[in-house]
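Data file: work27.txt. Format and content: compact mmCIF, C-alpha atoms.
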# COMPACT_ATOMS: atom_id res chain seq x y z
CA MET A 2 5.39 -10.60 19.43
CA LYS A 3 6.26 -9.17 16.04
CA ALA A 4 7.50 -5.76 15.03
CA ARG A 5 8.55 -4.04 11.84
CA ILE A 6 11.37 -1.51 11.75
CA TYR A 7 11.86 0.97 8.89
CA VAL A 8 15.13 2.81 8.32
CA THR A 9 15.08 5.51 5.65
CA LEU A 10 17.48 8.15 4.45
CA ARG A 11 16.69 11.59 5.79
CA LYS A 12 15.23 14.17 3.47
CA GLY A 13 17.95 15.94 1.55
CA VAL A 14 20.41 13.04 1.75
CA LEU A 15 21.31 11.87 -1.73
CA ASP A 16 20.28 8.32 -2.63
CA PRO A 17 22.42 7.10 -5.55
CA GLN A 18 21.02 3.57 -5.24
CA GLY A 19 17.49 4.89 -5.63
CA LYS A 20 18.57 7.04 -8.56
CA ALA A 21 20.17 4.02 -10.25
CA ILE A 22 16.95 2.03 -9.82
CA GLN A 23 14.88 4.85 -11.26
CA ARG A 24 17.16 5.05 -14.30
CA SER A 25 17.23 1.29 -14.77
CA LEU A 26 13.43 1.16 -14.79
CA SER A 27 13.40 3.84 -17.44
CA HIS A 28 16.00 1.96 -19.53
CA LEU A 29 13.88 -1.18 -19.23
CA GLY A 30 10.99 0.74 -20.74
CA MET A 31 9.03 1.24 -17.52
CA GLU A 32 8.25 4.94 -17.59
CA GLY A 33 6.33 6.86 -14.97
CA VAL A 34 8.59 6.37 -11.94
CA ASP A 35 9.76 9.84 -10.94
CA GLU A 36 11.78 9.02 -7.85
CA VAL A 37 12.91 6.01 -5.84
CA ARG A 38 14.29 6.17 -2.29
CA VAL A 39 15.70 2.95 -0.89
CA GLY A 40 15.45 1.99 2.76
CA LYS A 41 15.84 -1.06 4.92
CA PHE A 42 13.22 -2.78 6.86
CA MET A 43 13.41 -5.51 9.42
CA GLU A 44 10.86 -7.99 10.64
CA VAL A 45 11.62 -8.65 14.29
CA THR A 46 10.32 -11.40 16.54
CA LEU A 47 10.40 -10.36 20.17
CA ALA A 48 10.12 -12.43 23.32
CA GLU A 49 6.91 -11.87 25.27
CA MET A 50 7.13 -8.52 27.01
CA ALA A 51 4.98 -5.53 27.85
CA ARG A 52 4.42 -3.11 25.01
CA PRO A 53 6.25 -0.13 26.60
CA GLU A 54 9.23 -2.40 27.21
CA ALA A 55 9.18 -3.53 23.57
CA GLU A 56 9.04 0.08 22.40
CA LYS A 57 12.03 0.96 24.57
CA LEU A 58 13.98 -2.02 23.25
CA LEU A 59 13.27 -1.20 19.61
CA GLU A 60 14.09 2.47 20.09
CA GLU A 61 17.43 1.55 21.67
CA ALA A 62 18.18 -1.04 18.97
CA CYS A 63 17.58 1.56 16.26
CA ARG A 64 19.64 4.25 17.93
CA ARG A 65 22.59 2.07 18.87
CA LEU A 66 22.81 -0.39 15.98
CA LEU A 67 20.30 -0.30 13.15
CA ALA A 68 20.18 3.32 12.03
CA ASN A 69 22.84 5.94 11.48
CA THR A 70 20.87 8.83 12.89
CA VAL A 71 23.13 11.40 11.24
CA ILE A 72 21.74 10.51 7.83
CA GLU A 73 18.85 8.11 8.57
CA ASP A 74 15.45 8.24 10.20
CA PHE A 75 13.78 5.24 11.73
CA SER A 76 10.31 4.19 12.75
CA PHE A 77 8.75 0.98 13.92
CA GLU A 78 5.37 -0.59 14.47
CA ILE A 79 4.52 -3.33 16.91
CA GLU A 80 1.88 -5.82 15.81
CA GLY A 81 -0.98 -6.98 17.97
CA MET B 14 1.33 9.47 -6.38
CA LYS B 15 3.34 7.58 -3.79
CA ALA B 16 3.89 3.86 -3.29
CA ARG B 17 5.88 1.68 -0.94
CA ILE B 18 7.49 -1.54 -2.09
CA TYR B 19 8.62 -4.28 0.28
CA VAL B 20 11.05 -7.01 -0.72
CA THR B 21 11.60 -9.79 1.80
CA LEU B 22 13.41 -13.10 1.83
CA ARG B 23 11.10 -16.05 1.34
CA LYS B 24 10.35 -18.29 4.28
CA GLY B 25 13.04 -20.88 4.69
CA VAL B 26 15.76 -18.81 3.04
CA LEU B 27 18.61 -18.24 5.48
CA ASP B 28 19.23 -14.63 6.49
CA PRO B 29 22.79 -14.29 7.80
CA GLN B 30 22.51 -10.51 7.98
CA GLY B 31 19.47 -10.79 10.22
CA LYS B 32 21.22 -13.39 12.35
CA ALA B 33 24.23 -11.08 12.75
CA ILE B 34 21.97 -8.23 13.85
CA GLN B 35 20.21 -10.44 16.36
CA ARG B 36 23.55 -11.54 17.85
CA SER B 37 24.91 -8.01 17.91
CA LEU B 38 21.87 -6.80 19.83
CA SER B 39 22.42 -9.56 22.35
CA HIS B 40 26.12 -8.67 22.67
CA LEU B 41 25.16 -5.04 23.25
CA GLY B 42 23.01 -6.17 26.16
CA MET B 43 19.65 -5.84 24.41
CA GLU B 44 17.99 -9.16 25.18
CA GLY B 45 14.55 -10.24 24.04
CA VAL B 46 15.00 -10.17 20.27
CA ASP B 47 14.44 -13.73 19.08
CA GLU B 48 14.76 -13.27 15.34
CA VAL B 49 15.52 -10.56 12.80
CA ARG B 50 14.79 -10.82 9.06
CA VAL B 51 16.15 -8.05 6.89
CA GLY B 52 14.36 -6.76 3.82
CA LYS B 53 14.47 -3.79 1.52
CA PHE B 54 11.84 -1.25 1.05
CA MET B 55 11.49 1.50 -1.46
CA GLU B 56 9.49 4.70 -1.42
CA VAL B 57 8.45 5.41 -4.97
CA THR B 58 7.03 8.59 -6.46
CA LEU B 59 4.96 7.85 -9.55
CA ALA B 60 3.73 10.17 -12.25
CA GLU B 61 -0.03 10.70 -12.26
CA MET B 62 -1.70 7.58 -13.63
CA ALA B 63 -4.72 5.41 -13.00
CA ARG B 64 -4.44 3.03 -10.08
CA PRO B 65 -4.59 -0.22 -12.13
CA GLU B 66 -1.84 1.15 -14.36
CA ALA B 67 0.28 1.96 -11.30
CA GLU B 68 -0.27 -1.54 -9.95
CA LYS B 69 0.81 -3.07 -13.23
CA LEU B 70 3.92 -0.88 -13.35
CA LEU B 71 4.96 -1.75 -9.80
CA GLU B 72 4.33 -5.45 -10.33
CA GLU B 73 6.51 -5.41 -13.44
CA ALA B 74 9.23 -3.36 -11.72
CA CYS B 75 9.37 -5.88 -8.87
CA ARG B 76 9.44 -8.91 -11.15
CA ARG B 77 11.99 -7.58 -13.62
CA LEU B 78 14.33 -5.54 -11.44
CA LEU B 79 13.69 -5.14 -7.75
CA ALA B 80 13.13 -8.64 -6.43
CA ASN B 81 14.85 -11.93 -7.09
CA THR B 82 11.70 -14.03 -7.07
CA VAL B 83 13.63 -17.26 -6.61
CA ILE B 84 14.47 -16.28 -3.04
CA GLU B 85 12.43 -13.14 -2.41
CA ASP B 86 8.80 -12.15 -2.08
CA PHE B 87 7.53 -8.68 -2.78
CA SER B 88 4.50 -6.61 -1.97
CA PHE B 89 3.54 -3.00 -2.44
CA GLU B 90 0.95 -0.50 -1.32
CA ILE B 91 -0.18 2.58 -3.18
CA GLU B 92 -1.06 5.61 -1.11
CA GLY B 93 -4.16 7.71 -1.59
Represent the structure of the file as C-alpha cells.
Amino acid sequence: MKARIYVTLRKGVLDPQGKAIQRSLSHLGMEGVDEVRVGKFMEVTLAEMARPEAEKLLEEACRRLLANTVIEDFSFEIEG
Amino acid sequence: MKARIYVTLRKGVLDPQGKAIQRSLSHLGMEGVDEVRVGKFMEVTLAEMARPEAEKLLEEACRRLLANTVIEDFSFEIEG
C-alpha cells in the first residue's frame, strides 16, 4: 500500500528558499516564474491495512512528526 | 498559471532521511510504515504563457537548477 504525503508552508509564511529559487531562475535567464513555494513530500510504503486505519496512521504521523502545524499544512493521498 | 514540480531520489539511491523518519515513527509507536522516501516539491506560479512554453521552462528549470539528475528524477504537472 502506497501513500504520498505533502507538507507545505501555510499561506502568509515567508519562504526564503522559494524566493532564492525564483531569483536564481531569473539570474539564469529563465524568466516567467513569478513565485516558488517549496514543500516536502514523502512517498510512503505501508503494511497491508484497512484504508481508515491507514488514514489514521498518516494523520498521526503528520501531526506528531512530519509537519510543524504552526507554520505548515499537510495533506496525503492513498493509492489504490 | 500554476504548476507543481516533484523531485525524488532515483531508485536505488539510499535515503537516510527517509530511513530516519521510518525509524522515528516506529519509536513513537506508529507501526505499519515499511518505507519512507523523502522528496521535494515546489508550487510554482508562472506568468501567462502558452502551455508548451511553460513545459519547456519547467523542464529547463529542473535540469539546470532544481534537480541533481545524477541522483534525482523530476516530474511536473501544469494546472488548468
Counting only C-alpha atoms, closest pick from A:Leu26, A:Thr70, A:Glu78, A:Asp35 relative to Ala55 (chain A) is A:Glu78
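Using only C-alpha atoms, the shortest contact distance between Lys3 (chain A) and any of B:Gly52, B:Leu41, B:Ile34, B:Val46 is found at B:Val46.
Reported to one decimal place, the separation of CA of Glu36 (chain A) from CA of Glu80 (chain A) is 29.6 Å.
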Within 7 Å of chain A, which residues of chain B are there when counting all atoms listed in the file? Please give them as a PyMOL selection string. chain B and resi 38+43+45-60+70+74
If you keep C-alpha atoms, can you produce a file of those selected residues as a PDB file, keeping the file's coordinate frame?
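The result, stored in result_38.pdb:
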ATOM      1  CA  LEU B  38      21.870  -6.800  19.830  1.00  0.00           C
ATOM      2  CA  MET B  43      19.650  -5.840  24.410  1.00  0.00           C
ATOM      3  CA  GLY B  45      14.550 -10.240  24.040  1.00  0.00           C
ATOM      4  CA  VAL B  46      15.000 -10.170  20.270  1.00  0.00           C
ATOM      5  CA  ASP B  47      14.440 -13.730  19.080  1.00  0.00           C
ATOM      6  CA  GLU B  48      14.760 -13.270  15.340  1.00  0.00           C
ATOM      7  CA  VAL B  49      15.520 -10.560  12.800  1.00  0.00           C
ATOM      8  CA  ARG B  50      14.790 -10.820   9.060  1.00  0.00           C
ATOM      9  CA  VAL B  51      16.150  -8.050   6.890  1.00  0.00           C
ATOM     10  CA  GLY B  52      14.360  -6.760   3.820  1.00  0.00           C
ATOM     11  CA  LYS B  53      14.470  -3.790   1.520  1.00  0.00           C
ATOM     12  CA  PHE B  54      11.840  -1.250   1.050  1.00  0.00           C
ATOM     13  CA  MET B  55      11.490   1.500  -1.460  1.00  0.00           C
ATOM     14  CA  GLU B  56       9.490   4.700  -1.420  1.00  0.00           C
ATOM     15  CA  VAL B  57       8.450   5.410  -4.970  1.00  0.00           C
ATOM     16  CA  THR B  58       7.030   8.590  -6.460  1.00  0.00           C
ATOM     17  CA  LEU B  59       4.960   7.850  -9.550  1.00  0.00           C
ATOM     18  CA  ALA B  60       3.730  10.170 -12.250  1.00  0.00           C
ATOM     19  CA  LEU B  70       3.920  -0.880 -13.350  1.00  0.00           C
ATOM     20  CA  ALA B  74       9.230  -3.360 -11.720  1.00  0.00           C
TER      21      ALA B  74
END
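Atom pair CA of Ala21 (chain A) / CA of Glu68 (chain B) has a distance of 21.2 Å (rounded to one decimal).
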Between CA of Ile72 (chain A) and CA of Leu10 (chain A) lies a distance of 5.9 Å
If you count all atoms listed in the file, the residue of A:Lys12, A:Lys57, A:Gly30, A:Ala51 closest to Glu73 (chain A) turns out to be A:Lys12
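Counting only C-alpha atoms, the residue from A:Asp74, A:Glu60, A:Ile79, A:His28 that sits nearest to Val14 (chain A) is A:Asp74.
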